[in-house]
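**Q** I am sharing model18.txt, which consists of compact mmCIF, C-alpha atoms:
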# COMPACT_ATOMS: atom_id res chain seq x y z
CA MET A 1 157.39 277.43 -120.32
CA ALA A 2 159.42 280.02 -118.37
CA SER A 3 160.54 281.75 -121.60
CA HIS A 4 156.90 282.20 -122.57
CA ARG A 5 155.87 283.60 -119.23
CA LYS A 6 158.50 286.41 -119.25
CA PRO A 7 157.29 288.16 -122.45
CA ARG A 8 153.69 287.99 -121.25
CA SER A 9 154.78 289.56 -117.91
CA ARG A 10 156.63 292.37 -119.64
CA SER A 11 153.70 293.10 -121.91
CA ARG A 12 151.32 293.46 -119.02
CA MET A 13 153.73 295.82 -117.23
CA THR A 14 154.69 298.20 -120.16
CA GLY A 15 151.59 298.45 -122.28
CA GLY A 16 148.92 299.93 -119.98
CA LEU A 17 146.16 300.23 -122.62
CA ARG A 18 146.98 296.84 -124.08
CA THR A 19 146.64 295.07 -120.78
CA THR A 20 143.09 293.89 -121.43
CA PRO A 21 143.71 292.80 -125.02
CA ALA A 22 146.83 291.06 -123.83
CA VAL A 23 144.82 289.24 -121.22
CA GLY A 24 142.29 288.33 -123.86
CA ILE A 25 145.00 287.01 -126.17
CA THR A 26 146.60 285.16 -123.31
CA THR A 27 143.28 283.64 -122.31
CA ALA A 28 142.65 282.59 -125.87
CA ALA A 29 146.12 281.12 -126.09
CA LEU A 30 145.66 279.24 -122.85
CA THR A 31 142.30 278.00 -124.02
CA SER A 32 143.87 276.81 -127.26
CA VAL A 33 146.64 275.09 -125.38
CA ALA A 34 144.10 273.47 -123.08
CA LEU A 35 142.06 272.31 -126.04
CA LEU A 36 145.14 271.04 -127.81
CA SER A 37 146.19 269.32 -124.61
CA GLN A 38 142.76 267.71 -124.27
CA THR A 39 142.85 266.67 -127.90
CA ALA A 40 146.32 265.24 -127.47
CA GLN A 41 145.20 263.36 -124.39
CA ALA A 42 142.01 262.15 -126.09
CA ALA A 43 143.78 261.00 -129.25
CA PRO A 44 145.35 257.88 -127.76
CA ALA A 45 141.92 256.85 -126.39
CA GLN A 46 140.38 256.63 -129.87
CA PRO A 47 141.80 253.22 -130.77
CA SER A 48 140.26 251.76 -127.58
CA SER A 49 136.81 252.33 -129.09
CA LYS A 50 137.70 249.65 -131.62
CA PRO A 51 138.10 246.14 -130.16
CA ARG A 52 141.53 244.59 -130.20
CA LEU A 53 142.23 241.93 -132.79
CA GLU A 54 142.25 239.21 -130.16
CA GLU A 55 138.85 240.40 -128.94
CA VAL A 56 137.49 240.29 -132.49
CA GLN A 57 138.79 236.74 -132.88
CA GLN A 58 137.23 235.75 -129.57
CA LYS A 59 133.89 237.29 -130.56
CA VAL A 60 133.96 235.53 -133.93
CA ASP A 61 134.82 232.20 -132.31
CA THR A 62 132.01 232.69 -129.79
CA LEU A 63 129.53 233.48 -132.55
CA TYR A 64 130.60 230.39 -134.48
CA ARG A 65 130.21 228.31 -131.32
CA GLN A 66 126.76 229.75 -130.71
CA ALA A 67 125.87 229.10 -134.33
CA GLU A 68 127.02 225.50 -133.95
CA VAL A 69 124.86 225.05 -130.85
CA ALA A 70 121.92 226.49 -132.79
CA THR A 71 122.78 224.17 -135.68
CA GLN A 72 122.48 221.13 -133.42
CA LYS A 73 119.12 222.45 -132.21
CA TYR A 74 118.12 222.91 -135.83
CA ASN A 75 119.21 219.37 -136.68
CA GLY A 76 117.16 218.00 -133.79
CA ALA A 77 114.14 220.10 -134.73
CA LYS A 78 114.40 219.04 -138.36
CA GLU A 79 114.64 215.39 -137.38
CA ARG A 80 111.54 215.74 -135.19
CA THR A 81 109.72 217.65 -137.92
CA ASP A 82 110.51 215.03 -140.55
CA SER A 83 109.41 212.28 -138.18
CA LYS A 84 106.17 214.09 -137.34
CA LYS A 85 105.48 214.72 -141.01
CA GLN A 86 105.89 211.03 -141.80
CA GLN A 87 103.59 210.20 -138.90
CA VAL A 88 100.97 212.70 -140.04
CA ASP A 89 101.15 211.49 -143.65
CA LYS A 90 100.70 207.91 -142.47
CA LEU A 91 97.74 208.82 -140.27
CA LEU A 92 96.08 210.82 -143.03
CA ASP A 93 96.52 207.91 -145.43
CA ASP A 94 95.03 205.62 -142.79
CA VAL A 95 92.06 207.93 -142.27
CA ALA A 96 91.50 208.14 -146.03
CA GLN A 97 91.55 204.32 -146.33
CA ARG A 98 89.19 203.94 -143.40
CA THR A 99 86.84 206.50 -144.90
CA ASP A 100 86.80 204.50 -148.13
CA ASP A 101 86.06 201.35 -146.13
CA MET A 102 83.23 203.16 -144.36
CA ASN A 103 81.78 204.27 -147.66
CA THR A 104 81.93 200.68 -148.92
CA ALA A 105 80.19 199.46 -145.77
CA ARG A 106 77.61 202.24 -146.12
CA GLN A 107 76.89 201.12 -149.68
CA LYS A 108 76.45 197.53 -148.50
CA LEU A 109 73.96 198.68 -145.89
CA GLY A 110 72.15 200.63 -148.58
CA ARG A 111 71.83 197.48 -150.66
CA TYR A 112 70.31 195.66 -147.71
CA ALA A 113 67.79 198.47 -147.32
CA ALA A 114 66.98 198.28 -151.02
CA GLU A 115 66.39 194.54 -150.70
CA GLN A 116 63.92 195.17 -147.89
CA TYR A 117 62.25 197.77 -150.03
CA ARG A 118 61.80 195.26 -152.83
CA SER A 119 60.43 192.72 -150.35
CA GLY A 120 57.72 195.19 -149.38
CA ALA A 121 59.12 196.74 -146.21
CA VAL A 122 58.46 200.25 -147.51
CA SER A 123 57.98 201.93 -144.16
CA ASP A 124 61.23 200.52 -142.78
CA THR A 125 63.13 201.62 -145.87
CA ALA A 126 61.70 205.07 -145.63
CA THR A 127 62.74 205.16 -141.98
CA MET A 128 66.30 204.29 -142.95
CA PHE A 129 66.55 206.95 -145.65
CA LEU A 130 65.14 209.57 -143.30
CA ALA A 131 67.68 208.65 -140.60
CA ASP A 132 70.86 210.77 -140.21
CA ASP A 133 73.00 207.65 -140.39
CA PRO A 134 72.39 204.00 -141.39
CA GLU A 135 73.57 203.06 -137.92
CA ASP A 136 70.53 204.84 -136.48
CA TYR A 137 68.31 202.79 -138.71
CA PHE A 138 69.85 199.41 -138.01
CA SER A 139 70.08 200.07 -134.29
CA GLN A 140 66.34 199.62 -134.01
CA ARG A 141 65.73 196.30 -132.29
CA GLN A 142 62.74 195.19 -134.39
CA LEU A 143 64.70 195.73 -137.60
CA MET A 144 67.93 194.12 -136.37
CA SER A 145 65.99 190.96 -135.65
CA ARG A 146 65.07 190.75 -139.33
CA LEU A 147 68.71 190.94 -140.56
CA THR A 148 70.68 187.90 -141.60
CA ASP A 149 73.96 187.04 -139.86
CA GLU A 150 75.89 188.50 -142.81
CA GLN A 151 73.92 191.72 -142.62
CA LYS A 152 74.45 191.96 -138.86
CA LYS A 153 78.21 191.51 -139.38
CA SER A 154 78.18 194.33 -141.93
CA VAL A 155 76.48 196.61 -139.44
CA ASP A 156 78.98 195.68 -136.72
CA ASP A 157 81.89 196.26 -139.11
CA TYR A 158 80.53 199.65 -140.09
CA GLN A 159 80.12 200.72 -136.47
CA ALA A 160 83.66 199.57 -135.60
CA GLN A 161 85.10 201.35 -138.63
CA ALA A 162 83.27 204.56 -137.73
CA ARG A 163 84.66 204.52 -134.19
CA GLU A 164 88.23 203.73 -135.33
CA THR A 165 88.11 206.36 -138.06
CA ALA A 166 87.01 209.01 -135.56
CA LYS A 167 89.89 207.97 -133.28
CA LYS A 168 92.43 208.17 -136.10
CA ARG A 169 91.12 211.59 -137.14
CA THR A 170 91.70 212.81 -133.57
CA GLU A 171 95.25 211.40 -133.63
CA ALA A 172 95.91 213.04 -136.97
CA GLN A 173 94.73 216.40 -135.67
CA SER A 174 96.97 216.12 -132.61
CA SER A 175 99.95 215.16 -134.79
CA LEU A 176 99.26 218.10 -137.08
CA GLU A 177 99.43 220.42 -134.08
CA ASP A 178 102.74 218.83 -132.97
CA LEU A 179 104.05 219.20 -136.52
CA SER A 180 103.15 222.88 -136.49
CA GLU A 181 105.09 223.37 -133.24
CA SER A 182 108.13 221.53 -134.65
CA GLN A 183 108.03 223.66 -137.79
CA THR A 184 107.90 226.82 -135.67
CA GLU A 185 110.93 225.63 -133.68
CA LEU A 186 112.69 224.80 -136.93
CA ARG A 187 112.17 228.31 -138.31
CA SER A 188 113.27 229.90 -135.04
CA THR A 189 116.53 227.94 -134.79
CA LYS A 190 117.25 228.57 -138.46
CA GLU A 191 116.93 232.31 -137.89
CA THR A 192 119.24 232.06 -134.86
CA VAL A 193 121.93 230.28 -136.90
CA GLN A 194 121.68 232.80 -139.73
CA THR A 195 121.89 235.75 -137.31
CA LYS A 196 125.00 234.41 -135.53
CA LEU A 197 126.77 233.69 -138.81
CA SER A 198 125.84 237.09 -140.20
CA ASP A 199 127.26 238.81 -137.11
CA ALA A 200 130.50 236.82 -137.42
CA ARG A 201 130.87 237.68 -141.11
CA LYS A 202 130.24 241.34 -140.34
CA LEU A 203 133.00 241.42 -137.72
CA LEU A 204 135.47 239.79 -140.09
CA ALA A 205 134.50 242.10 -142.95
CA GLU A 206 135.38 245.15 -140.85
CA LEU A 207 139.00 244.04 -140.45
CA THR A 208 141.69 245.70 -142.54
CA ALA A 209 144.05 243.69 -144.73
CA LYS A 210 146.81 244.12 -142.13
CA GLU A 211 144.51 242.96 -139.33
CA LYS A 212 143.46 239.93 -141.35
CA ALA A 213 147.13 239.08 -141.90
CA ARG A 214 147.80 239.36 -138.16
CA LEU A 215 144.75 237.23 -137.45
CA ALA A 216 146.04 234.58 -139.86
CA ALA A 217 149.41 234.65 -138.07
CA ILE A 218 147.69 234.18 -134.70
CA GLN A 219 145.70 231.27 -136.08
CA LYS A 220 148.82 229.70 -137.57
CA ALA A 221 150.61 229.88 -134.20
CA LYS A 222 147.56 228.33 -132.56
CA GLU A 223 147.55 225.49 -135.10
CA GLU A 224 151.25 224.86 -134.56
CA ALA A 225 150.75 224.59 -130.81
CA ALA A 226 147.87 222.16 -131.44
CA ARG A 227 150.05 220.01 -133.69
CA LYS A 228 152.72 219.83 -130.96
CA LYS A 229 150.11 218.64 -128.46
CA ALA A 230 148.93 216.03 -130.97
CA ALA A 231 152.51 214.82 -131.42
CA GLU A 232 152.89 214.54 -127.64
CA LEU A 233 149.75 212.41 -127.43
CA ALA A 234 150.98 210.22 -130.29
CA ALA A 235 154.33 209.71 -128.56
CA LYS A 236 152.63 208.75 -125.29
CA GLN A 237 150.37 206.28 -127.05
CA LYS A 238 153.26 204.69 -128.91
CA ALA A 239 155.20 204.35 -125.64
CA ALA A 240 152.18 202.79 -123.93
CA GLU A 241 151.69 200.39 -126.84
CA ALA A 242 155.35 199.38 -126.77
CA LYS A 243 155.11 198.77 -123.03
CA ARG A 244 151.96 196.69 -123.49
CA LYS A 245 153.58 194.54 -126.18
CA ALA A 246 156.68 194.05 -124.05
CA ALA A 247 154.51 192.90 -121.15
CA GLU A 248 152.65 190.47 -123.42
CA GLU A 249 155.91 189.04 -124.76
CA ALA A 250 157.26 188.65 -121.24
CA ALA A 251 154.08 186.87 -120.14
CA GLN A 252 154.24 184.61 -123.19
CA LYS A 253 157.86 183.66 -122.48
CA GLU A 254 157.01 182.94 -118.85
CA GLN A 255 154.17 180.65 -119.95
CA GLU A 256 156.44 178.84 -122.38
CA SER A 257 159.14 178.35 -119.76
CA SER A 258 156.64 177.02 -117.20
CA GLY A 259 155.02 174.76 -119.79
CA SER A 260 151.59 176.30 -119.23
CA THR A 261 149.24 176.31 -122.21
CA GLY A 262 147.29 179.29 -120.92
CA THR A 263 144.09 178.01 -122.50
CA GLY A 264 141.74 179.96 -120.23
CA SER A 265 143.42 183.33 -120.47
CA GLY A 266 144.21 182.75 -124.12
CA SER A 267 140.54 182.17 -124.87
CA SER A 268 139.59 185.41 -123.15
CA GLY A 269 142.34 187.33 -124.89
CA SER A 270 141.32 185.90 -128.24
CA GLY A 271 137.78 187.20 -127.79
CA SER A 272 139.03 190.65 -126.89
CA THR A 273 141.41 190.66 -129.84
CA GLY A 274 138.61 189.63 -132.17
CA SER A 275 136.40 192.45 -130.90
CA ASP A 276 139.21 194.97 -131.33
CA ALA A 277 139.87 193.73 -134.85
CA SER A 278 136.19 194.06 -135.76
CA TYR A 279 136.09 197.62 -134.48
CA ALA A 280 139.31 198.50 -136.26
CA THR A 281 137.87 197.23 -139.55
CA LYS A 282 134.70 199.29 -139.20
CA ALA A 283 136.66 202.33 -138.02
CA ALA A 284 138.90 202.08 -141.09
CA GLN A 285 135.82 202.11 -143.33
CA ALA A 286 134.39 205.14 -141.52
CA LEU A 287 137.71 206.98 -141.74
CA ALA A 288 138.14 206.15 -145.42
CA PHE A 289 134.75 207.69 -146.12
CA ALA A 290 135.43 210.79 -144.01
CA LYS A 291 138.81 211.38 -145.63
CA SER A 292 137.25 211.07 -149.07
CA GLN A 293 135.02 214.03 -148.17
CA GLU A 294 137.94 216.35 -147.40
CA GLY A 295 137.71 219.66 -149.21
CA LYS A 296 133.92 219.72 -149.21
CA PRO A 297 132.42 222.81 -147.54
CA TYR A 298 130.92 223.04 -144.08
CA VAL A 299 127.25 223.92 -144.37
CA TRP A 300 125.11 223.98 -141.26
CA GLY A 301 122.35 221.37 -141.30
CA ALA A 302 124.00 219.45 -144.17
CA THR A 303 124.42 215.67 -144.21
CA GLY A 304 126.10 215.23 -147.61
CA PRO A 305 126.95 214.28 -150.18
CA ASP A 306 128.17 217.71 -151.31
CA SER A 307 128.55 219.41 -147.91
CA TYR A 308 128.40 218.59 -144.20
CA ASP A 309 128.14 219.99 -140.74
CA CYS A 310 130.17 218.29 -137.99
CA SER A 311 127.63 215.68 -136.85
CA GLY A 312 126.42 215.17 -140.41
CA LEU A 313 129.94 214.06 -141.38
CA THR A 314 130.40 211.63 -138.48
CA GLN A 315 126.93 210.20 -139.04
CA ALA A 316 127.61 209.63 -142.75
CA ALA A 317 131.09 208.21 -142.08
CA TRP A 318 129.91 205.56 -139.63
CA LYS A 319 126.86 204.81 -141.78
CA SER A 320 129.28 203.76 -144.53
CA ALA A 321 130.65 201.20 -142.04
CA GLY A 322 127.18 199.87 -141.25
CA ILE A 323 126.72 201.73 -137.96
CA SER A 324 123.74 204.02 -137.53
CA LEU A 325 124.37 207.16 -135.47
CA PRO A 326 121.77 209.74 -134.40
CA ARG A 327 121.72 213.14 -136.09
CA THR A 328 122.90 215.53 -133.36
CA THR A 329 126.10 215.68 -131.30
CA TRP A 330 123.96 215.55 -128.15
CA ASP A 331 122.56 212.17 -129.20
CA GLN A 332 125.77 210.82 -130.73
CA VAL A 333 127.65 211.30 -127.45
CA GLU A 334 125.21 208.83 -125.84
CA VAL A 335 125.98 206.04 -128.32
CA GLY A 336 128.58 203.38 -127.60
CA LYS A 337 130.91 203.72 -124.64
CA THR A 338 132.99 206.58 -123.29
CA VAL A 339 136.74 205.97 -123.17
CA PRO A 340 139.55 208.04 -121.64
CA LEU A 341 141.55 210.27 -123.94
CA SER A 342 144.65 208.19 -123.21
CA ASP A 343 142.92 205.13 -124.76
CA ILE A 344 141.58 206.91 -127.85
CA GLN A 345 141.63 204.84 -131.06
CA PRO A 346 141.08 205.62 -134.75
CA GLY A 347 137.37 205.86 -135.48
CA ASP A 348 136.44 207.19 -132.04
CA LEU A 349 134.26 210.27 -131.84
CA VAL A 350 135.83 213.29 -130.14
CA PHE A 351 133.34 215.75 -128.67
CA PHE A 352 134.15 219.34 -127.80
CA TYR A 353 133.03 222.04 -125.37
CA ASP A 354 130.80 221.87 -122.33
CA ASP A 355 127.72 222.19 -124.53
CA ILE A 356 128.90 219.27 -126.74
CA SER A 357 128.33 221.36 -129.85
CA HIS A 358 131.11 219.90 -132.02
CA VAL A 359 132.42 216.46 -132.97
CA GLY A 360 135.25 215.03 -135.04
CA LEU A 361 136.39 211.56 -136.14
CA TYR A 362 139.73 210.51 -134.64
CA MET A 363 142.36 209.37 -137.15
CA GLY A 364 145.30 208.58 -134.87
CA ASP A 365 148.45 210.42 -133.77
CA GLY A 366 146.38 213.15 -132.11
CA MET A 367 144.66 214.08 -135.39
CA MET A 368 141.04 214.00 -136.51
CA VAL A 369 138.98 214.70 -139.63
CA HIS A 370 136.04 217.04 -139.12
CA ALA A 371 133.83 219.70 -140.62
CA PRO A 372 135.07 222.68 -138.57
CA LYS A 373 132.83 225.72 -139.08
CA PRO A 374 131.17 227.97 -141.69
CA GLY A 375 133.62 229.17 -144.30
CA ALA A 376 135.87 226.14 -143.79
CA VAL A 377 136.04 222.74 -145.47
CA VAL A 378 136.22 219.18 -144.21
CA ARG A 379 139.86 218.74 -143.19
CA GLU A 380 142.35 216.98 -140.95
CA GLU A 381 143.28 218.81 -137.78
CA SER A 382 144.70 218.30 -134.31
CA ILE A 383 142.16 217.35 -131.67
CA TYR A 384 143.76 220.18 -129.65
CA TYR A 385 142.79 222.75 -132.29
CA ASP A 386 140.99 224.80 -129.65
CA GLY A 387 143.05 223.82 -126.63
CA THR A 388 143.08 220.83 -124.30
CA SER A 389 140.22 222.20 -122.20
CA SER A 390 137.88 222.22 -125.20
CA ILE A 391 137.83 218.40 -125.38
CA HIS A 392 134.67 217.18 -123.69
CA SER A 393 134.81 213.40 -124.13
CA VAL A 394 135.73 210.49 -126.40
CA VAL A 395 133.15 207.88 -127.44
CA ARG A 396 133.65 204.54 -129.18
CA PRO A 397 130.45 204.11 -131.21
CA ALA A 398 130.75 200.41 -132.16
Output the file's structure as structure tokens, nothing else.

**A**
Amino acid sequence: MASHRKPRSRSRMTGGLRTTPAVGITTAALTSVALLSQTAQAAPAQPSSKPRLEEVQQKVDTLYRQAEVATQKYNGAKERTDSKKQQVDKLLDDVAQRTDDMNTARQKLGRYAAEQYRSGAVSDTATMFLADDPEDYFSQRQLMSRLTDEQKKSVDDYQAQARETAKKRTEAQSSLEDLSESQTELRSTKETVQTKLSDARKLLAELTAKEKARLAAIQKAKEEAARKKAAELAAKQKAAEAKRKAAEEAAQKEQESSGSTGTGSGSSGSGSTGSDASYATKAAQALAFAKSQEGKPYVWGATGPDSYDCSGLTQAAWKSAGISLPRTTWDQVEVGKTVPLSDIQPGDLVFFYDDISHVGLYMGDGMMVHAPKPGAVVREESIYYDGTSSIHSVVRPA
């Protein structure tokens, strides 16, 4: 900088008439330098306007999570809508049948009136035909006294049918209104899911090939860490099982040496063993089904056979073993009994996140089979795929 200042100083001192232009040039130069300096300083800030790759991944994961929550809401709304529709259809069929029965009863009453007409009771018949309803006609005391027991029963039946039909029509109308509300909720949650997934796809589409490669590397490292955690859990379980067997063998030897038959405790143990064996058999059936679905795409709201969402897969898997599970994760977590993670067994349901928006079917050795998220397929994965803190609870459904 000093070497630049000296020439400018000499120019100002020796060129009297050029002083002003020199100042102008110098000012322009300084302005240019300042602008260049500002540009140079601003340049590094430009990348900050674009989110870091980790932030993109976090946003995408959050959107997928939100979409999965919305999917469970959609599943619940669809289940309620289907149930309401069945209820409405049944009520409408009932109303239609009752209306037919009323028409039959009305025709019978008309025949009675015609009989009275033929017997000469013209004025009474005319009264009936001028009445708004046959009930009005037959409610007249002097005419009711002239009816036979069979005719009186027909009138009573007609009146009862009219009241019940009116009641059923009111129920049908109320159910139709409930159905309309469920359908509105269904459309709303469907739009929410589609919006979240669209936003996630848009974020991923904006990544460059290099960024996608880095993202894949990050995901691979995450998966490797999850596999290590699964292996640790498997090792702990195997050690615990070995310890349990050793304790059983020691207890057995002690009984044999003392000459005790152990009938009471043996009976209790036998029952427990039988229950465990029954669960293991059903769990094996559920797991066999789930594993046979591997490679099929995740589709929100799907229950098979060509695609699944997370709770759709677990529901279908346990259904194959004769166990009926509810549709949503929020209802499935309430079925059966909750067990600690340390006691997890194959077939158990593993629920994730505080909002219980995801579920997988435990296979053993820290691994599960699940339908992960949009764009993925049914696959085997560590239960630590999203970290230890993501595990909400473990439920044994049968």

**Q** Compare A:Ser393, A:Gln173, A:Ser292, A:Asn75 by their minimum atom-to-atom distance to Asp348 (chain A), counting all atoms listed in the file, and give me the closest one.

**A**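 The closest residue to Asp348 (chain A) is A:Ser393.
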
**Q** Please report as JSON lines every residue of region 235-333 of chain A lying within 12 Å of region 80-95 of chain A, along with the nearest atom pair and their distance in Å (one decimal), using all atoms listed in the file.

**A**
{"residue": "A:Pro326", "atom": "CA", "partner": "A:Arg80", "partner_atom": "CA", "distance": 11.9}
{"residue": "A:Arg327", "atom": "CA", "partner": "A:Arg80", "partner_atom": "CA", "distance": 10.5}
{"residue": "A:Thr328", "atom": "CA", "partner": "A:Arg80", "partner_atom": "CA", "distance": 11.5}

**Q** Report the distance between CA of Asp309 (chain A) and CA of Arg214 (chain A) in Å, rounded to one decimal place.

**A** 27.7 Å

**Q** Between A:Ser357, A:Ser278, A:Gln285, A:Ser198, which is the closest to Val60 (chain A) once you count all atoms listed in the file?

**A**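 Under the stated criterion, the closest residue is A:Ser198.
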
**Q** Contacts of Ala302 (chain A) at 10 Å or less, counting all atoms listed in the file, minus same-chain residues fewer than 5 places along, as a PyMOL selection string?

**A** chain A and resi 71+75+297+307-313

**Q** Using only C-alpha atoms, which of the listed residues (A:Val377, A:Ala221, A:Leu215, A:Leu233) sits closest to Lys291 (chain A)?

**A**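 Checking each candidate against Lys291 (chain A), we get A:Val377 as the closest.
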
**Q** Report the distance between CA of Ala231 (chain A) and CA of Ile344 (chain A) in Å, rounded to one decimal place.

**A** 14.0 Å

**Q** Could you tell me which of A:Ala67, A:Tyr74, A:Glu54, A:Gly364 comes closest to Ser188 (chain A) if we count all atoms listed in the file?

**A** A:Tyr74

**Q** Nearest residue to Val155 (chain A) out of A:Val378, A:Ala105, A:Leu204, A:Ile391, using only C-alpha atoms?

**A** A:Ala105

**Q** Write out as a list in words the residues lying within 10 Å of Glu185 (chain A), counting only C-alpha atoms and excluding same-chain residues fewer than 2 positions away.

**A**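 Here the answer would be Lys73, Tyr74, Gly76, Ala77, Lys78, Thr81, Leu179, Ser180, Glu181, Ser182, Gln183, Arg187, Ser188, Thr189, Lys190 and Glu191 of chain A.
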
**Q** So, counting only C-alpha atoms, which residue among A:Val395, A:Leu287, A:Ala114, A:Gln345 is closest to Ala321 (chain A)?

**A**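 Counting only C-alpha atoms, the residue closest to Ala321 (chain A) is A:Leu287.
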
**Q** Using only C-alpha atoms and a cutoff of 9 Å, can you tell me which residues are near (132.5, 226.9, -133.0) in the file's coordinates, and write them out as a PyMOL selection string?

**A** chain A and resi 60-69+357-358+372-374

**Q** Report, in Å to a single decimal, how far apart CA of Asp355 (chain A) and CA of Ser342 (chain A) are.

**A** 22.0 Å

**Q** Please list as a list of chain:residue names every residue within 6 Å of Val335 (chain A), counting all atoms listed in the file and excluding residues in the same chain fewer than 2 positions away.

**A**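 Using all atoms listed in the file, the neighbours found are A:Gln332, A:Val333, A:Pro397.
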
**Q** Tell me, as a CSV table (one decimal) with C-alpha atoms, keeping the file's coordinate frame, which residues lie within 10 Å of Arg98 (chain A), counting only C-alpha atoms; anything in the same chain fewer than 6 positions away does not count.

**A**
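That gives us around_39.csv:
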chain,number,residue,atom,x,y,z
A,92,LEU,CA,96.1,210.8,-143.0
A,104,THR,CA,81.9,200.7,-148.9
A,161,GLN,CA,85.1,201.4,-138.6
A,162,ALA,CA,83.3,204.6,-137.7
A,164,GLU,CA,88.2,203.7,-135.3
A,165,THR,CA,88.1,206.4,-138.1
A,166,ALA,CA,87.0,209.0,-135.6
A,168,LYS,CA,92.4,208.2,-136.1
